[in-house]
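Structure file structure-v3.txt; described as compact mmCIF, C-alpha atoms and all ligand atoms.
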# COMPACT_ATOMS: atom_id res chain seq x y z
CA MET E 264 -5.29 10.27 -36.99
CA SER E 265 -5.05 6.62 -37.96
CA ASP E 266 -6.05 4.14 -35.29
CA HIS E 267 -3.48 1.63 -36.45
CA ARG E 268 0.00 3.06 -36.17
CA THR E 269 2.62 1.63 -38.46
CA ASP E 270 5.70 3.50 -37.17
CA GLN E 271 7.18 2.78 -33.80
CA ASP E 272 7.37 5.89 -31.64
CA VAL E 273 9.17 7.00 -28.50
CA ILE E 274 6.48 5.51 -26.26
CA ASP E 275 7.06 2.06 -27.80
CA VAL E 276 10.80 2.36 -27.18
CA LEU E 277 10.44 3.47 -23.55
CA THR E 278 7.80 0.81 -22.87
CA THR E 279 10.13 -1.87 -24.26
CA ASP E 280 12.87 -0.55 -21.93
CA HIS E 281 10.49 -0.99 -18.99
CA ARG E 282 9.71 -4.60 -20.00
CA GLU E 283 13.39 -5.48 -20.52
CA ALA E 284 14.47 -4.00 -17.18
CA THR E 285 11.63 -5.80 -15.39
CA GLU E 286 12.67 -9.11 -16.98
CA LEU E 287 16.33 -8.57 -16.08
CA ILE E 288 15.30 -8.13 -12.44
CA GLU E 289 13.38 -11.41 -12.56
CA GLN E 290 16.44 -13.15 -14.01
CA ILE E 291 18.67 -11.74 -11.25
CA LEU E 292 16.27 -12.90 -8.56
CA ALA E 293 16.01 -16.36 -10.17
CA SER E 294 19.80 -16.81 -10.32
CA SER E 295 21.81 -18.36 -7.51
CA ASP E 296 25.20 -17.86 -9.17
CA PRO E 297 26.87 -14.72 -7.75
CA GLU E 298 28.91 -14.10 -10.89
CA GLN E 299 25.83 -14.27 -13.10
CA ARG E 300 23.88 -12.06 -10.68
CA ARG E 301 26.65 -9.43 -10.77
CA ASP E 302 26.71 -9.55 -14.51
CA LEU E 303 22.95 -9.16 -14.87
CA ALA E 304 22.88 -6.40 -12.23
CA ASP E 305 25.50 -4.42 -14.17
CA SER E 306 23.36 -4.83 -17.30
CA LEU E 307 20.30 -3.66 -15.38
CA ILE E 308 22.12 -0.59 -14.03
CA SER E 309 23.44 0.22 -17.48
CA GLU E 310 20.00 -0.05 -19.09
CA LEU E 311 18.18 1.93 -16.41
CA VAL E 312 20.66 4.82 -16.38
CA ARG E 313 20.45 4.98 -20.16
CA HIS E 314 16.64 4.97 -20.00
CA SER E 315 16.50 7.66 -17.28
CA VAL E 316 18.92 10.01 -19.03
CA ALA E 317 17.07 9.65 -22.36
CA GLU E 318 13.76 10.45 -20.67
CA GLU E 319 15.22 13.43 -18.85
CA MET E 320 16.85 14.90 -21.96
CA TYR E 321 14.04 14.41 -24.47
CA VAL E 322 10.79 13.34 -22.86
CA TYR E 323 10.68 15.81 -19.95
CA PRO E 324 10.72 18.85 -22.26
CA ALA E 325 7.80 17.34 -24.23
CA MET E 326 5.92 16.63 -20.98
CA ARG E 327 6.46 20.19 -19.72
CA ASP E 328 5.35 21.69 -23.02
CA HIS E 329 2.36 19.52 -23.81
CA LEU E 330 0.87 17.89 -20.71
CA PRO E 331 -1.69 19.77 -18.60
CA ASN E 332 0.20 18.92 -15.37
CA GLY E 333 3.58 18.49 -17.06
CA ASP E 334 5.76 20.29 -14.51
CA GLU E 335 4.29 18.28 -11.67
CA ALA E 336 4.69 14.99 -13.55
CA VAL E 337 8.34 15.80 -14.36
CA GLU E 338 9.03 16.71 -10.73
CA HIS E 339 7.56 13.41 -9.53
CA ASP E 340 9.46 11.36 -12.11
CA THR E 341 12.72 13.17 -11.29
CA GLN E 342 12.34 12.08 -7.65
CA GLU E 343 11.79 8.47 -8.77
CA HIS E 344 14.88 8.54 -10.98
CA LYS E 345 16.93 9.86 -8.03
CA GLU E 346 15.58 7.13 -5.76
CA LEU E 347 16.42 4.51 -8.39
CA GLU E 348 19.94 5.88 -8.75
CA ARG E 349 20.59 5.97 -5.01
CA THR E 350 19.62 2.29 -4.82
CA MET E 351 21.63 1.35 -7.91
CA LYS E 352 24.70 3.10 -6.48
CA GLU E 353 24.47 0.81 -3.46
CA LEU E 354 23.87 -2.16 -5.74
CA GLU E 355 26.90 -1.48 -7.94
CA GLY E 356 29.19 -2.01 -4.96
CA ALA E 357 27.23 -4.75 -3.19
CA GLU E 358 28.64 -8.26 -2.92
CA ALA E 359 26.47 -10.52 -5.10
CA SER E 360 26.67 -13.43 -2.66
CA GLU E 361 25.33 -11.33 0.27
CA PRO E 362 21.66 -11.05 1.28
CA ARG E 363 21.94 -7.25 0.99
CA PHE E 364 22.38 -7.63 -2.76
CA VAL E 365 18.98 -9.30 -3.13
CA GLU E 366 17.38 -6.67 -0.86
CA LEU E 367 18.72 -3.93 -3.14
CA VAL E 368 17.51 -5.70 -6.29
CA ARG E 369 14.05 -5.97 -4.70
CA GLU E 370 14.19 -2.26 -3.86
CA VAL E 371 15.02 -1.42 -7.50
CA GLN E 372 12.12 -3.71 -8.50
CA ARG E 373 9.71 -1.80 -6.23
CA ILE E 374 10.77 1.67 -7.43
CA LEU E 375 10.77 0.58 -11.07
CA ALA E 376 7.27 -0.89 -10.74
CA ASP E 377 5.99 2.51 -9.47
CA HIS E 378 7.81 4.29 -12.28
CA VAL E 379 6.36 1.98 -14.92
CA GLU E 380 2.86 2.24 -13.48
CA ASP E 381 2.91 6.07 -13.43
CA GLU E 382 4.35 6.47 -16.90
CA GLU E 383 2.40 3.77 -18.68
CA THR E 384 -0.98 4.66 -17.19
CA GLU E 385 -0.63 8.46 -17.06
CA GLN E 386 2.19 10.25 -18.88
CA PHE E 387 2.59 7.98 -21.91
CA PRO E 388 -1.11 7.94 -22.86
CA GLN E 389 -1.20 11.72 -22.34
CA LEU E 390 1.82 12.21 -24.59
CA ARG E 391 0.10 10.13 -27.27
CA THR E 392 -3.01 12.30 -26.92
CA HIS E 393 -1.27 15.68 -26.90
CA LEU E 394 1.63 15.23 -29.34
CA PRO E 395 1.35 14.72 -33.08
CA GLN E 396 2.42 11.22 -34.11
CA GLU E 397 5.26 12.66 -36.27
CA GLU E 398 6.72 14.31 -33.18
CA LEU E 399 6.53 11.04 -31.20
CA VAL E 400 8.34 9.29 -34.06
CA ARG E 401 10.98 12.05 -34.20
CA LEU E 402 11.51 11.69 -30.43
CA LYS E 403 12.04 7.97 -30.91
CA THR E 404 14.97 8.74 -33.21
CA VAL E 405 16.64 11.16 -30.81
CA VAL E 406 16.09 8.90 -27.80
CA GLU E 407 17.63 5.94 -29.61
CA ALA E 408 20.62 8.06 -30.65
CA ALA E 409 21.06 9.35 -27.09
CA LYS E 410 21.03 5.82 -25.70
CA LYS E 411 23.81 4.75 -28.07
CA ILE E 412 26.26 7.31 -26.65
CA ALA E 413 27.21 4.88 -23.89
CA PRO E 414 28.04 1.31 -24.87
CA THR E 415 25.64 -1.37 -23.65
CA ARG E 416 26.86 -3.79 -21.05
CA PRO E 417 27.70 -6.92 -23.04
CA HIS E 418 28.14 -10.44 -21.77
CA PRO E 419 31.74 -10.65 -20.49
CA ALA E 420 32.61 -13.15 -23.22
CA ALA E 421 31.25 -10.90 -25.99
CA PRO E 422 33.75 -9.34 -28.41
CA ASN E 423 32.97 -5.78 -27.30
CA ALA E 424 33.24 -6.50 -23.56
CA GLU E 425 36.70 -4.97 -23.56
CA LEU E 426 35.38 -1.75 -25.05
CA PHE E 427 32.68 -1.50 -22.40
CA HIS E 428 35.24 -1.96 -19.65
CA LYS E 429 37.54 0.63 -21.15
CA VAL E 430 34.83 3.24 -21.66
CA VAL E 431 32.56 2.61 -18.72
CA GLY E 432 33.85 -0.20 -16.52
CA PRO E 433 31.80 -2.16 -13.99
CA GLY E 434 31.79 -1.78 -10.22
CA VAL E 435 31.71 1.26 -7.95
CA GLY E 436 31.07 4.47 -9.87
CA LEU E 437 29.27 2.73 -12.74
CA VAL E 438 26.11 4.85 -12.38
CA ASP E 439 28.06 8.13 -12.33
CA ARG E 440 30.34 7.16 -15.21
CA LEU E 441 27.38 6.14 -17.37
CA ARG E 442 25.40 9.25 -16.53
CA ASP E 443 28.34 11.51 -17.32
CA LYS E 444 28.92 9.74 -20.61
CA LEU E 445 25.26 9.86 -21.63
CA SER E 446 24.58 13.43 -20.62
CA GLY E 447 27.75 14.72 -22.28
CA ARG E 448 29.47 15.78 -19.05
CA ASP E 449 32.25 13.36 -19.81
CA THR E 450 34.97 14.83 -21.99
CA GLY E 451 37.20 11.75 -22.29
FE FE V 501 10.48 5.19 -17.89
FE FE V 502 10.89 8.12 -15.82
If you took the structure in this file and wrote it as structure tokens, what would it be?
Ligand SMILES: [Fe+2]
Ligand SMILES: [Fe+2]
Amino acid sequence: MSDHRTDQDVIDVLTTDHREATELIEQILASSDPEQRRDLADSLISELVRHSVAEEMYVYPAMRDHLPNGDEAVEHDTQEHKELERTMKELEGAEASEPRFVELVREVQRILADHVEDEETEQFPQLRTHLPQEELVRLKTVVEAAKKIAPTRPHPAAPNAELFHKVVGPGVGLVDRLRDKLSGRDTG
């Protein structure tokens, strides 16, 4: 195996997701404008649901099949995803000018930090060790395709903002609508 990889693989994609979500949280916490906070929080929710569903659909099976403690690792990660979603469901309906909103963002930050730590220090290196590079590159392709099934949350002034609102819509129920769309439970 070459020690300098030229192709991006699924681990690169998921690690970039982690960085982007972590940065979005910092931007939310640095903002004092409720409208901007709401906007960034909806983007964060949208990106994290997309990331979780992609991991569950394509990375969990690889973990179960190839990692020595795969079932255990998947079980632990599933619990973290559920905890993240519970908190994001509160956040989607929280008033951005209220102190509770910031508490919830900090809670997402804490859970995400644990998630990132576990995956980037344990599961991701193990996947790189146990899976052939071609398989990691193939998984990158399917994960990227899976993430595209739901539209990304654009800036409200962006040309495709209307599409996002029509297909997904912000506010209460955002997490469920996105998850249904991404996991194919949505028929509309
Ligand atoms: Fe992750
Ligand atoms: Fe995860």
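Residues lying within 10 Å of segment 393-398 of chain E, counting only C-alpha atoms and ignoring same-chain neighbours fewer than 3 positions away, are Met264, Ser265, Arg268, Asp270, Gln271, Asp272, Val273, Ala325, Met326, Asp328, His329, Leu330, Pro331, Phe387, Pro388, Gln389, Leu390, Arg401, Leu402, Lys403 and Thr404 of chain E.
Taking only C-alpha atoms and all ligand atoms into account, the protein and nucleic acid residues that come at most 8 Å from ligand FE 501 (chain V) are Leu277, Thr278, Asp280, His281, His314, Ser315, Glu318, His378, Val379 and Glu382 of chain E.
Going from atom CA of Asp439 of chain E over to atom CA of Leu399 of chain E, you cover 28.8 Å.
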Could you list, as a JSON list (two decimals) with C-alpha atoms, in the frame of the given file, every residue within 12 Å of Glu380 of chain E, counting only C-alpha atoms and ignoring same-chain residues fewer than 4 positions away?
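Below you can see selection_14.json, which holds the result:
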[["chain", "number", "residue", "atom", "x", "y", "z"],
["E", 278, "THR", "CA", 7.80, 0.81, -22.87],
["E", 281, "HIS", "CA", 10.49, -0.99, -18.99],
["E", 282, "ARG", "CA", 9.71, -4.60, -20.00],
["E", 340, "ASP", "CA", 9.46, 11.36, -12.11],
["E", 343, "GLU", "CA", 11.79, 8.47, -8.77],
["E", 373, "ARG", "CA", 9.71, -1.80, -6.23],
["E", 374, "ILE", "CA", 10.77, 1.67, -7.43],
["E", 375, "LEU", "CA", 10.77, 0.58, -11.07],
["E", 376, "ALA", "CA", 7.27, -0.89, -10.74],
["E", 384, "THR", "CA", -0.98, 4.66, -17.19],
["E", 385, "GLU", "CA", -0.63, 8.46, -17.06],
["E", 386, "GLN", "CA", 2.19, 10.25, -18.88],
["E", 387, "PHE", "CA", 2.59, 7.98, -21.91],
["E", 388, "PRO", "CA", -1.11, 7.94, -22.86]]
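With only C-alpha atoms and all ligand atoms as the basis for measurement, E:Val312 is the residue among E:Val435, E:Ala293, E:Ile288, E:Val312 that approaches ligand FE 502 (chain V) most closely.
Between Asp296 of chain E and the candidates E:Asp334, E:Glu310, E:Glu319, E:Glu358, the tightest atom-to-atom separation, counting only C-alpha atoms, involves E:Glu358.
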Protein and nucleic acid residues near (17.9, -6.3, -6.0) (cut-off 9 Å, all atoms listed in the file) as number ranges by chain: E: 288, 291-292, 304, 350-351, 354, 363-372
Written file, previous selection with C-alpha atoms, as a JSON list (two decimals), in the coordinates of the input:
[["chain", "number", "residue", "atom", "x", "y", "z"],
["E", 288, "ILE", "CA", 15.30, -8.13, -12.44],
["E", 291, "ILE", "CA", 18.67, -11.74, -11.25],
["E", 292, "LEU", "CA", 16.27, -12.90, -8.56],
["E", 304, "ALA", "CA", 22.88, -6.40, -12.23],
["E", 350, "THR", "CA", 19.62, 2.29, -4.82],
["E", 351, "MET", "CA", 21.63, 1.35, -7.91],
["E", 354, "LEU", "CA", 23.87, -2.16, -5.74],
["E", 363, "ARG", "CA", 21.94, -7.25, 0.99],
["E", 364, "PHE", "CA", 22.38, -7.63, -2.76],
["E", 365, "VAL", "CA", 18.98, -9.30, -3.13],
["E", 366, "GLU", "CA", 17.38, -6.67, -0.86],
["E", 367, "LEU", "CA", 18.72, -3.93, -3.14],
["E", 368, "VAL", "CA", 17.51, -5.70, -6.29],
["E", 369, "ARG", "CA", 14.05, -5.97, -4.70],
["E", 370, "GLU", "CA", 14.19, -2.26, -3.86],
["E", 371, "VAL", "CA", 15.02, -1.42, -7.50],
["E", 372, "GLN", "CA", 12.12, -3.71, -8.50]]
Selected residue of minimal separation from Glu353 of chain E among E:Leu445, E:Ala317, E:Ile308, E:Ile412, counting all atoms listed in the file: E:Ile308
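Using all atoms listed in the file, the shortest contact distance between ligand FE 502 (chain V) and any of E:Glu283, E:Pro297, E:Asp275, E:Leu311 is found at E:Leu311.
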